[in-house]
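Asker: File structure26.txt follows (compact mmCIF, C-alpha atoms and all ligand atoms):
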```
# COMPACT_ATOMS: atom_id res chain seq x y z
CA MET A 1 -16.53 0.10 24.23
CA LEU A 2 -17.99 1.44 21.04
CA THR A 3 -19.89 -0.92 18.72
CA VAL A 4 -19.51 0.18 15.09
CA ASN A 5 -20.65 -1.01 11.68
CA ALA A 6 -18.11 -2.88 9.59
CA TYR A 7 -17.65 -5.22 6.64
CA ALA A 8 -15.78 -8.39 7.51
CA ALA A 9 -14.68 -11.79 6.29
CA THR A 10 -15.93 -14.76 8.31
CA SER A 11 -13.80 -17.38 6.55
CA ALA A 12 -11.26 -17.72 3.75
CA THR A 13 -13.92 -18.68 1.26
CA GLU A 14 -17.10 -16.75 2.16
CA PRO A 15 -17.72 -13.28 0.70
CA LEU A 16 -17.25 -10.34 3.08
CA ALA A 17 -20.50 -9.28 4.77
CA PRO A 18 -21.87 -6.46 6.97
CA THR A 19 -21.36 -6.90 10.69
CA THR A 20 -20.47 -4.93 13.83
CA ILE A 21 -17.14 -4.77 15.67
CA GLU A 22 -15.99 -3.32 18.98
CA ARG A 23 -13.64 -0.36 19.38
CA ARG A 24 -11.89 0.26 22.69
CA ASP A 25 -12.73 3.29 24.82
CA VAL A 26 -10.60 6.32 23.99
CA GLY A 27 -7.57 6.18 26.31
CA PRO A 28 -5.42 9.17 27.33
CA HIS A 29 -3.16 8.84 24.24
CA ASP A 30 -5.86 7.71 21.79
CA VAL A 31 -7.62 9.38 18.92
CA LEU A 32 -11.12 8.36 17.76
CA ILE A 33 -11.44 8.73 14.01
CA GLU A 34 -14.65 8.79 11.99
CA ILE A 35 -13.55 6.96 8.86
CA LYS A 36 -14.64 8.55 5.58
CA TYR A 37 -12.79 6.46 3.00
CA THR A 38 -10.79 3.21 3.00
CA GLY A 39 -8.78 1.85 0.07
CA ILE A 40 -8.82 -1.80 -0.98
CA CYS A 41 -5.26 -3.15 -1.05
CA HIS A 42 -4.39 -6.48 -2.64
CA SER A 43 -2.95 -7.40 0.79
CA ASP A 44 -6.53 -7.32 2.15
CA ILE A 45 -7.38 -10.09 -0.30
CA HIS A 46 -4.22 -12.15 0.44
CA HIS A 47 -5.01 -11.83 4.16
CA VAL A 48 -8.72 -12.61 4.29
CA ARG A 49 -8.33 -15.55 1.91
CA GLY A 50 -5.62 -17.06 4.12
CA GLU A 51 -3.03 -16.91 1.34
CA TRP A 52 -0.28 -15.82 3.71
CA GLY A 53 -1.29 -18.36 6.37
CA PRO A 54 -4.41 -18.89 8.44
CA ALA A 55 -6.26 -15.73 9.50
CA ASP A 56 -8.41 -15.23 12.60
CA TYR A 57 -12.04 -14.60 11.74
CA PRO A 58 -14.05 -12.49 11.70
CA VAL A 59 -11.65 -9.92 10.29
CA ALA A 60 -12.53 -6.48 8.97
CA PRO A 61 -9.60 -5.61 6.69
CA GLY A 62 -8.53 -2.17 5.48
CA HIS A 63 -5.29 -0.30 6.11
CA GLU A 64 -5.67 2.71 3.84
CA ILE A 65 -7.80 4.83 6.13
CA ALA A 66 -8.73 8.51 5.78
CA GLY A 67 -11.10 10.32 8.11
CA ILE A 68 -11.76 13.04 10.65
CA VAL A 69 -10.82 13.14 14.34
CA VAL A 70 -13.98 13.16 16.46
CA GLU A 71 -12.53 12.68 19.95
CA VAL A 72 -9.07 12.84 21.56
CA GLY A 73 -7.76 11.45 24.85
CA SER A 74 -6.75 13.74 27.71
CA GLU A 75 -3.00 13.51 26.98
CA VAL A 76 -3.17 13.83 23.18
CA THR A 77 -1.05 16.70 21.82
CA LYS A 78 -0.55 15.92 18.12
CA HIS A 79 -4.15 15.85 16.89
CA ALA A 80 -7.36 17.78 17.54
CA VAL A 81 -11.06 17.24 16.90
CA GLY A 82 -11.82 18.12 13.27
CA ASP A 83 -8.35 17.25 11.91
CA ARG A 84 -8.09 15.37 8.60
CA VAL A 85 -6.09 12.26 9.41
CA GLY A 86 -4.99 8.89 8.08
CA VAL A 87 -4.01 5.48 9.40
CA GLY A 88 -1.92 3.01 7.43
CA CYS A 89 -0.81 -0.58 7.97
CA MET A 90 0.38 -0.24 11.60
CA VAL A 91 -1.35 0.97 14.75
CA ASP A 92 1.44 0.36 17.28
CA SER A 93 4.97 -0.98 17.86
CA CYS A 94 7.26 -1.51 20.86
CA GLY A 95 8.76 1.99 20.54
CA GLU A 96 11.98 0.84 22.21
CA CYS A 97 13.90 -1.44 19.85
CA VAL A 98 16.67 -0.14 17.61
CA ASN A 99 14.37 0.03 14.58
CA CYS A 100 11.53 1.83 16.37
CA ARG A 101 14.04 4.33 17.78
CA LYS A 102 15.19 5.02 14.20
CA GLY A 103 11.59 5.67 13.18
CA GLU A 104 11.32 2.43 11.23
CA GLU A 105 8.46 0.98 13.24
CA GLN A 106 7.53 -1.30 10.34
CA TYR A 107 10.67 -3.30 11.19
CA CYS A 108 9.97 -3.35 14.97
CA LEU A 109 11.92 -6.27 16.44
CA ALA A 110 8.92 -7.24 18.56
CA GLY A 111 6.73 -7.10 15.44
CA ASN A 112 4.61 -4.06 14.63
CA THR A 113 0.90 -4.22 15.44
CA GLY A 114 -0.97 -4.48 12.16
CA THR A 115 -4.08 -2.38 11.65
CA TYR A 116 -5.99 -5.65 11.31
CA GLY A 117 -5.06 -9.27 11.94
CA SER A 118 -2.79 -8.46 14.91
CA VAL A 119 -3.32 -8.44 18.66
CA ASP A 120 -3.51 -5.07 20.39
CA ALA A 121 -1.78 -4.16 23.69
CA ASP A 122 -5.08 -4.92 25.47
CA GLY A 123 -5.10 -8.46 24.03
CA ASN A 124 -7.91 -7.95 21.54
CA PRO A 125 -7.63 -8.63 17.80
CA THR A 126 -7.12 -5.48 15.74
CA GLN A 127 -9.77 -4.68 13.13
CA GLY A 128 -9.22 -2.50 10.09
CA GLY A 129 -10.77 0.30 8.13
CA TYR A 130 -13.76 -1.36 6.48
CA SER A 131 -15.64 0.18 9.42
CA THR A 132 -17.09 3.51 10.48
CA HIS A 133 -14.68 4.37 13.34
CA ILE A 134 -11.26 3.38 14.66
CA VAL A 135 -9.37 4.17 17.88
CA VAL A 136 -5.60 4.56 17.41
CA THR A 137 -2.77 5.74 19.64
CA GLU A 138 -1.85 9.26 18.49
CA ASP A 139 1.71 8.41 17.38
CA PHE A 140 0.35 6.16 14.60
CA VAL A 141 -2.06 8.75 13.22
CA LEU A 142 -0.89 10.78 10.20
CA LYS A 143 -1.94 14.26 9.13
CA ILE A 144 -3.49 14.54 5.69
CA PRO A 145 -2.37 17.88 4.29
CA GLN A 146 -4.82 20.36 2.77
CA GLY A 147 -4.93 20.03 -1.00
CA ILE A 148 -5.40 16.24 -1.11
CA GLU A 149 -9.02 15.06 -1.05
CA LEU A 150 -9.65 12.39 1.59
CA ASP A 151 -10.76 9.77 -0.96
CA ALA A 152 -7.64 10.19 -3.10
CA ALA A 153 -5.49 10.35 0.05
CA ALA A 154 -6.62 7.02 1.53
CA PRO A 155 -4.50 4.80 -0.79
CA LEU A 156 -1.41 6.86 -0.01
CA LEU A 157 -1.41 5.29 3.48
CA CYS A 158 -0.30 1.96 2.01
CA ALA A 159 0.19 2.07 -1.79
CA GLY A 160 1.82 5.50 -1.50
CA ILE A 161 4.26 4.81 1.31
CA THR A 162 5.10 1.28 0.12
CA THR A 163 6.41 2.68 -3.14
CA TYR A 164 7.77 6.01 -1.83
CA SER A 165 10.01 4.30 0.71
CA PRO A 166 12.05 2.12 -1.70
CA LEU A 167 12.13 4.86 -4.36
CA SER A 168 13.58 7.21 -1.78
CA HIS A 169 15.91 4.61 -0.20
CA TRP A 170 17.38 3.54 -3.56
CA GLY A 171 17.75 7.13 -4.75
CA ALA A 172 15.16 7.50 -7.52
CA GLY A 173 15.73 10.97 -8.97
CA PRO A 174 17.18 12.89 -11.90
CA GLY A 175 19.51 10.75 -14.02
CA LYS A 176 18.09 7.48 -12.65
CA LYS A 177 16.21 4.97 -14.78
CA VAL A 178 13.41 3.36 -12.80
CA ALA A 179 11.12 0.56 -13.97
CA VAL A 180 7.84 -0.30 -12.29
CA VAL A 181 6.51 -3.83 -12.78
CA GLY A 182 2.69 -4.05 -12.62
CA LEU A 183 0.37 -1.07 -13.05
CA GLY A 184 -2.09 -1.71 -10.23
CA GLY A 185 -2.63 0.10 -6.93
CA LEU A 186 1.01 0.19 -5.86
CA GLY A 187 2.36 0.40 -9.39
CA HIS A 188 0.42 3.50 -10.39
CA MET A 189 1.61 5.31 -7.25
CA ALA A 190 5.19 4.20 -7.97
CA VAL A 191 4.92 5.77 -11.42
CA LYS A 192 3.55 9.07 -10.08
CA LEU A 193 6.09 9.27 -7.26
CA ALA A 194 9.16 8.27 -9.30
CA HIS A 195 8.17 10.82 -11.95
CA ALA A 196 7.73 13.53 -9.31
CA MET A 197 11.16 12.63 -7.89
CA GLY A 198 12.62 13.33 -11.33
CA ALA A 199 13.50 9.81 -12.48
CA GLU A 200 13.03 8.43 -16.01
CA VAL A 201 10.16 6.00 -15.55
CA THR A 202 9.28 2.85 -17.49
CA VAL A 203 6.20 0.72 -16.89
CA LEU A 204 6.50 -3.03 -17.43
CA SER A 205 2.93 -4.30 -17.64
CA GLN A 206 1.55 -7.61 -18.86
CA SER A 207 -0.01 -5.90 -21.90
CA LEU A 208 -0.29 -2.49 -23.54
CA LYS A 209 -3.96 -2.11 -22.47
CA LYS A 210 -3.16 0.61 -19.93
CA GLN A 211 -0.42 2.35 -21.90
CA ASP A 212 -2.27 5.68 -22.31
CA ASP A 213 -2.94 5.81 -18.58
CA GLY A 214 0.64 4.92 -17.73
CA LEU A 215 2.01 7.75 -19.85
CA ARG A 216 -0.55 10.18 -18.43
CA LEU A 217 0.45 9.20 -14.88
CA GLY A 218 4.05 10.17 -15.61
CA ALA A 219 5.78 7.22 -17.30
CA ASP A 220 8.25 8.03 -20.07
CA HIS A 221 8.10 4.54 -21.59
CA TYR A 222 5.70 1.61 -21.49
CA TYR A 223 6.36 -2.02 -22.47
CA ALA A 224 4.40 -5.26 -22.48
CA THR A 225 6.16 -8.09 -20.67
CA SER A 226 4.14 -10.61 -22.72
CA ASP A 227 6.32 -9.54 -25.67
CA PRO A 228 9.67 -11.37 -25.43
CA GLU A 229 11.36 -8.57 -27.41
CA THR A 230 10.85 -6.29 -24.40
CA PHE A 231 13.46 -8.25 -22.47
CA ASP A 232 16.02 -8.12 -25.32
CA LYS A 233 15.49 -4.44 -25.94
CA LEU A 234 15.76 -3.33 -22.30
CA ALA A 235 18.56 -5.67 -21.18
CA GLY A 236 21.00 -4.03 -18.74
CA SER A 237 19.23 -0.67 -18.69
CA PHE A 238 17.65 0.12 -15.28
CA ASP A 239 19.16 1.43 -12.05
CA LEU A 240 16.13 0.38 -10.04
CA ILE A 241 13.20 -1.92 -10.67
CA VAL A 242 10.27 -1.88 -8.24
CA ASN A 243 8.26 -5.09 -8.54
CA THR A 244 4.68 -4.59 -7.36
CA VAL A 245 3.26 -7.83 -8.79
CA SER A 246 1.04 -9.83 -6.44
CA ALA A 247 1.95 -13.14 -8.12
CA LYS A 248 5.12 -15.09 -8.80
CA ILE A 249 7.15 -13.75 -11.75
CA ASP A 250 10.36 -14.88 -13.45
CA LEU A 251 12.80 -12.80 -11.40
CA ASP A 252 15.81 -13.81 -13.49
CA ALA A 253 14.22 -12.28 -16.58
CA TYR A 254 13.67 -8.98 -14.71
CA LEU A 255 17.13 -9.02 -13.10
CA SER A 256 18.61 -9.15 -16.62
CA LEU A 257 17.12 -5.69 -17.18
CA LEU A 258 19.27 -4.13 -14.44
CA ALA A 259 22.43 -2.16 -15.17
CA VAL A 260 25.61 -2.96 -13.19
CA ASP A 261 24.93 -2.19 -9.50
CA GLY A 262 21.20 -2.02 -10.18
CA ALA A 263 18.63 -3.22 -7.64
CA LEU A 264 15.38 -5.09 -8.06
CA VAL A 265 13.20 -4.35 -5.05
CA ASN A 266 10.23 -6.57 -4.36
CA VAL A 267 7.26 -4.96 -2.70
CA GLY A 268 4.79 -7.45 -4.17
CA ALA A 269 4.07 -10.18 -1.63
CA PRO A 270 2.99 -13.31 -3.49
CA PRO A 271 2.15 -16.30 -1.32
CA GLU A 272 4.52 -18.58 -3.26
CA PRO A 273 8.33 -18.43 -2.80
CA LEU A 274 10.29 -16.64 -5.52
CA SER A 275 13.48 -18.14 -6.93
CA VAL A 276 16.65 -16.43 -8.11
CA ASN A 277 19.55 -17.83 -10.13
CA ALA A 278 22.77 -16.57 -8.49
CA PHE A 279 24.22 -15.80 -11.91
CA SER A 280 21.49 -13.20 -12.47
CA LEU A 281 23.05 -11.24 -9.57
CA ILE A 282 26.72 -12.08 -10.05
CA GLY A 283 26.68 -11.08 -13.71
CA GLY A 284 26.16 -7.39 -12.95
CA ARG A 285 26.87 -6.91 -9.21
CA ARG A 286 23.11 -6.66 -8.93
CA SER A 287 20.96 -6.72 -5.80
CA PHE A 288 17.63 -8.30 -5.07
CA ALA A 289 15.88 -6.70 -2.09
CA GLY A 290 12.53 -6.26 -0.40
CA SER A 291 10.81 -3.37 1.34
CA LEU A 292 7.89 -3.19 3.79
CA ILE A 293 5.64 -0.10 3.82
CA GLY A 294 7.53 2.75 5.60
CA GLY A 295 7.91 4.23 9.07
CA ILE A 296 5.54 6.80 10.55
CA ARG A 297 7.92 9.74 10.02
CA GLU A 298 8.51 8.71 6.41
CA THR A 299 4.78 8.24 5.84
CA GLN A 300 4.19 11.85 6.92
CA GLU A 301 7.07 12.93 4.65
CA MET A 302 5.39 11.08 1.75
CA LEU A 303 2.02 12.75 2.43
CA ASP A 304 3.66 16.17 2.50
CA PHE A 305 5.57 15.34 -0.72
CA CYS A 306 2.27 14.35 -2.38
CA ALA A 307 0.61 17.60 -1.29
CA GLU A 308 3.56 19.62 -2.60
CA HIS A 309 3.44 17.81 -5.96
CA HIS A 310 -0.39 17.67 -6.14
CA LEU A 311 -0.42 13.87 -6.13
CA GLY A 312 -3.21 11.58 -5.04
CA ALA A 313 -4.29 8.11 -6.08
CA GLU A 314 -6.43 7.45 -9.16
CA ILE A 315 -9.52 5.97 -7.60
CA GLU A 316 -12.86 4.35 -8.20
CA VAL A 317 -15.12 5.06 -5.21
CA ILE A 318 -17.52 2.22 -4.41
CA PRO A 319 -20.25 1.56 -1.82
CA ALA A 320 -19.53 -1.15 0.76
CA ASP A 321 -21.85 -3.65 -0.92
CA LYS A 322 -19.52 -3.68 -3.94
CA ILE A 323 -16.45 -4.83 -1.96
CA ASN A 324 -16.66 -8.48 -3.09
CA GLU A 325 -17.07 -7.45 -6.72
CA ALA A 326 -14.08 -5.11 -6.38
CA TYR A 327 -11.98 -8.01 -5.04
CA GLU A 328 -12.72 -10.02 -8.19
CA ARG A 329 -11.77 -7.07 -10.37
CA VAL A 330 -8.48 -6.59 -8.49
CA LEU A 331 -7.71 -10.29 -8.99
CA ALA A 332 -8.38 -9.89 -12.72
CA SER A 333 -5.95 -6.89 -12.92
CA ASP A 334 -9.05 -4.79 -13.72
CA VAL A 335 -8.42 -1.95 -11.27
CA ARG A 336 -7.88 1.66 -12.35
CA TYR A 337 -6.12 2.12 -10.09
CA ARG A 338 -7.45 1.74 -6.56
CA PHE A 339 -10.90 0.92 -5.24
CA VAL A 340 -11.86 3.15 -2.33
CA ILE A 341 -14.86 2.39 -0.12
CA ASP A 342 -17.20 5.28 0.69
CA ILE A 343 -17.60 4.48 4.38
CA SER A 344 -20.82 6.55 4.66
CA THR A 345 -22.47 3.58 2.91
CA LEU A 346 -21.75 1.48 6.03
CA SER A 347 -23.60 3.63 8.54
P1 LIG B 1 -2.90 -4.82 -7.58
O1 LIG B 1 -3.62 -3.52 -7.58
O2 LIG B 1 -3.66 -6.07 -7.82
O3 LIG B 1 -1.70 -4.69 -8.62
C1 LIG B 1 -0.87 -5.76 -8.97
C2 LIG B 1 -0.53 -5.66 -10.45
O4 LIG B 1 0.38 -6.71 -10.77
C3 LIG B 1 -1.72 -5.91 -11.38
O5 LIG B 1 -2.49 -4.77 -11.60
C4 LIG B 1 -1.02 -6.37 -12.64
O6 LIG B 1 -0.52 -5.26 -13.35
C5 LIG B 1 0.18 -7.14 -12.10
N1 LIG B 1 -0.07 -8.60 -12.07
C6 LIG B 1 -1.05 -9.26 -11.40
N2 LIG B 1 -0.95 -10.59 -11.59
C7 LIG B 1 0.13 -10.78 -12.39
C8 LIG B 1 0.78 -11.93 -12.93
N3 LIG B 1 0.31 -13.17 -12.70
N4 LIG B 1 1.89 -11.76 -13.69
C9 LIG B 1 2.35 -10.51 -13.95
N5 LIG B 1 1.78 -9.39 -13.46
C10 LIG B 1 0.70 -9.52 -12.70
O7 LIG B 1 -2.19 -5.07 -6.18
P2 LIG B 1 -1.55 -3.99 -5.15
O8 LIG B 1 -2.58 -3.61 -4.16
O9 LIG B 1 -0.84 -2.96 -5.92
O10 LIG B 1 -0.52 -4.92 -4.36
C11 LIG B 1 0.52 -5.56 -5.08
C12 LIG B 1 1.28 -6.51 -4.19
O11 LIG B 1 2.00 -5.78 -3.21
C13 LIG B 1 0.41 -7.49 -3.40
O12 LIG B 1 1.07 -8.76 -3.35
C14 LIG B 1 0.35 -6.86 -2.03
O13 LIG B 1 0.09 -7.79 -1.00
C15 LIG B 1 1.74 -6.32 -1.93
N6 LIG B 1 1.92 -5.25 -0.93
C16 LIG B 1 3.11 -5.19 -0.29
C17 LIG B 1 3.37 -4.17 0.59
C18 LIG B 1 4.70 -4.05 1.25
O14 LIG B 1 4.82 -3.37 2.26
N7 LIG B 1 5.74 -4.64 0.69
C19 LIG B 1 2.38 -3.20 0.84
C20 LIG B 1 1.19 -3.28 0.14
C21 LIG B 1 0.96 -4.30 -0.76
P3 LIG B 1 -0.51 -5.20 -14.98
O15 LIG B 1 -1.95 -5.42 -15.39
O16 LIG B 1 -0.01 -3.85 -15.27
O17 LIG B 1 0.39 -6.29 -15.47
ZN ZN B 2 -1.72 -2.46 1.61
```
What would you get if you wrote out this structure as structure tokens?
Ligand code: NAP
Ligand code: ZN
Answerer:
Amino acid sequence: MLTVNAYAATSATEPLAPTTIERRDVGPHDVLIEIKYTGICHSDIHHVRGEWGPADYPVAPGHEIAGIVVEVGSEVTKHAVGDRVGVGCMVDSCGECVNCRKGEEQYCLAGNTGTYGSVDADGNPTQGGYSTHIVVTEDFVLKIPQGIELDAAAPLLCAGITTYSPLSHWGAGPGKKVAVVGLGGLGHMAVKLAHAMGAEVTVLSQSLKKQDDGLRLGADHYYATSDPETFDKLAGSFDLIVNTVSAKIDLDAYLSLLAVDGALVNVGAPPEPLSVNAFSLIGGRRSFAGSLIGGIRETQEMLDFCAEHHLGAEIEVIPADKINEAYERVLASDVRYRFVIDISTLS
């Protein structure tokens, strides 16, 4: 066992605080990673505050992990000491079900093992990347290509893949009109990725405060959803809408913006149920769908795509003692566009 420094939540209401956690010994198929940077995802906040259901405490969150391999097990073939690597939202899955065999481990029928808040094969709770080291089975470790700095790469492991996967699945590309709802961590990556895929990109944000940034990140158009005229003007115009909002929104209003056969894909995971009027779908043969992160193979594909297109996340690097403050800023939509923890401040 390895005892390492971490930052963890001890209850749904207390601020996160410094602590130590245990990492398992490096097994034959394991990789020990010295974590350099970890992104703060809004899911970390939903989870530690018990918004998706009760959590087990203490929990060190963090599933946007970038670091360096410092030790490998005797049977490891994919990674070597010194490699630049990443870990996203999953650290294991059954490997045998139909979805795992297709490389869509996120939809493992036995349930994938989350990077934190799950139970590992050895029966211990998993703990995430707000910590100095992590031990992960080699199949769930990604390679971070040269050309992307580790700090800007960390958010790709969740925000990047969560938006890349639906953009790719629903065919974002030349000739396609794609709207992104919410310009936060996921939203800003959706804009960069959809633009790089060749789509015409529109941001639908609550206000015009971040318009200059949105256009700089690759959006062609930018509208405020607080302005009711936005919904009249854009009615029936998009092939794909990716909703990244962490709260409940009026889905019927957004569905009215889809062209015939268009799809509104929810990646935002608000705690409250969302409601849909059937007529919003019937009226234009429209679809309402969801999407969960992406599989390991697709995550590597996304990282390679980002390297090829010189894409990383727009980040604000913070020391660990600013995590609680960063949470409040994320909740106030005051993030530009991902907080990333400098893990050296934990050691
Ligand atoms: P984030 O950085 O907080 O971004 C969310 C954005 O939504 C905000 O920046 C804001 O953008 C907009 N927003 C927030 N509250 C709103 C409200 N009440 N009404 C309208 N718009 C609002 O969060 P994130 O890290 O990108 O995560 C977004 C959501 O995706 C979370 O629910 C998270 O749990 C979920 N998630 C899902 C997956 C998956 O696999 N499906 C993976 C990761 C995260 P504007 O200021 O531009 O309006
Ligand atoms: Zn996440």
Asker: Please report the interatomic distance between CA of Leu274 (chain A) and CA of Val191 (chain A) in Å with one decimal.
Answerer: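 Straight-line distance from CA of Leu274 (chain A) to CA of Val191 (chain A) works out to 23.8 Å.
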Asker: Do you know which residues are at most 12 Å from Asp239 (chain A) counting only C-alpha atoms, after dropping those on the same chain fewer than 2 positions away, and could you put them as a PyMOL selection string?
Answerer: chain A and resi 167+170-180+199-202+234-237+241-242+255-265+284-287
Asker: Neighbours of ligand LIG 1 (chain B) within 6 Å, counting only C-alpha atoms and all ligand atoms, as a list in words?
Answerer: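 The residues near ligand LIG 1 (chain B) are Cys41, His42, Ser43, Cys158, Ala159, Thr162, Gly182, Leu183, Gly184, Gly185, Leu186, Gly187, Ser205, Gln206, Thr244, Val245, Ser246, Ala247, Ile249, Val267, Gly268, Ala269, Pro270, Ser291, Leu292, Ile293, Val330, Leu331 and Ser333 of chain A.
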Asker: Enclose the full set of atoms of region 103-119 of chain A listed in the file within a box whose edges lie along x, y and z, apply 3 Å of padding to each of the six sides, and report centre and edge lengths in Å to one decimal as JSON.
Answerer:
```
{"center_x": 3.0, "center_y": -1.8, "center_z": 14.5, "size_x": 23.9, "size_y": 20.9, "size_z": 14.3}
```
Asker: What's the 9 Å shell around region 142-147 of chain A, counting all atoms listed in the file, without same-chain residues fewer than 6 positions away, as a list in words?
Answerer: Ala66, His79, Asp83, Arg84, Val85, Gly86, Val87, Gly88, Ala153, Leu157, Ile296, Arg297, Thr299, Gln300, Leu303, Asp304, Cys306, Ala307, Glu308 and His310 of chain A
Asker: Which value, in Å to one decimal, gives the distance between CA of Leu204 (chain A) and CA of His309 (chain A)?
Answerer: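 About the pair CA of Leu204 (chain A) and CA of His309 (chain A): they are 24.0 Å apart.
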Asker: One number please: CA of Asp213 (chain A) to CA of Glu316 (chain A), in Å, one decimal.
Answerer: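 Separating CA of Asp213 (chain A) from CA of Glu316 (chain A) is a distance of 14.4 Å.
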Asker: Quick one: of A:Gly294, A:Pro61, A:Gly214, A:Gly129, who's nearest to Glu104 (chain A), counting all atoms listed in the file?
Answerer: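 Going through A:Gly294, A:Pro61, A:Gly214, A:Gly129 one by one, the smallest distance to Glu104 (chain A) is for A:Gly294.
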Asker: Measuring atom to atom with all atoms listed in the file, identify which of A:Gly312, A:Pro166, A:Gly114, A:Pro319 is nearest to Glu149 (chain A).
Answerer: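 Closest residue, counting all atoms listed in the file: A:Gly312.
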Asker: Set the distance at 7 Å and use all atoms listed in the file: which residues neighbour region 209-212 of chain A once local chain neighbours fewer than 3 positions away are removed? I'd like the list as a list in words.
Answerer: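 Here the qualifying residues turn out to be Leu215, Arg216 and Tyr222 of chain A.
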Asker: Restricted to C-alpha atoms, what would the selected residues look like written as a tab-separated table (two decimals), in the coordinates of the input?
Answerer:
```
chain	number	residue	atom	x	y	z
A	215	LEU	CA	2.01	7.75	-19.85
A	216	ARG	CA	-0.55	10.18	-18.43
A	222	TYR	CA	5.70	1.61	-21.49
```
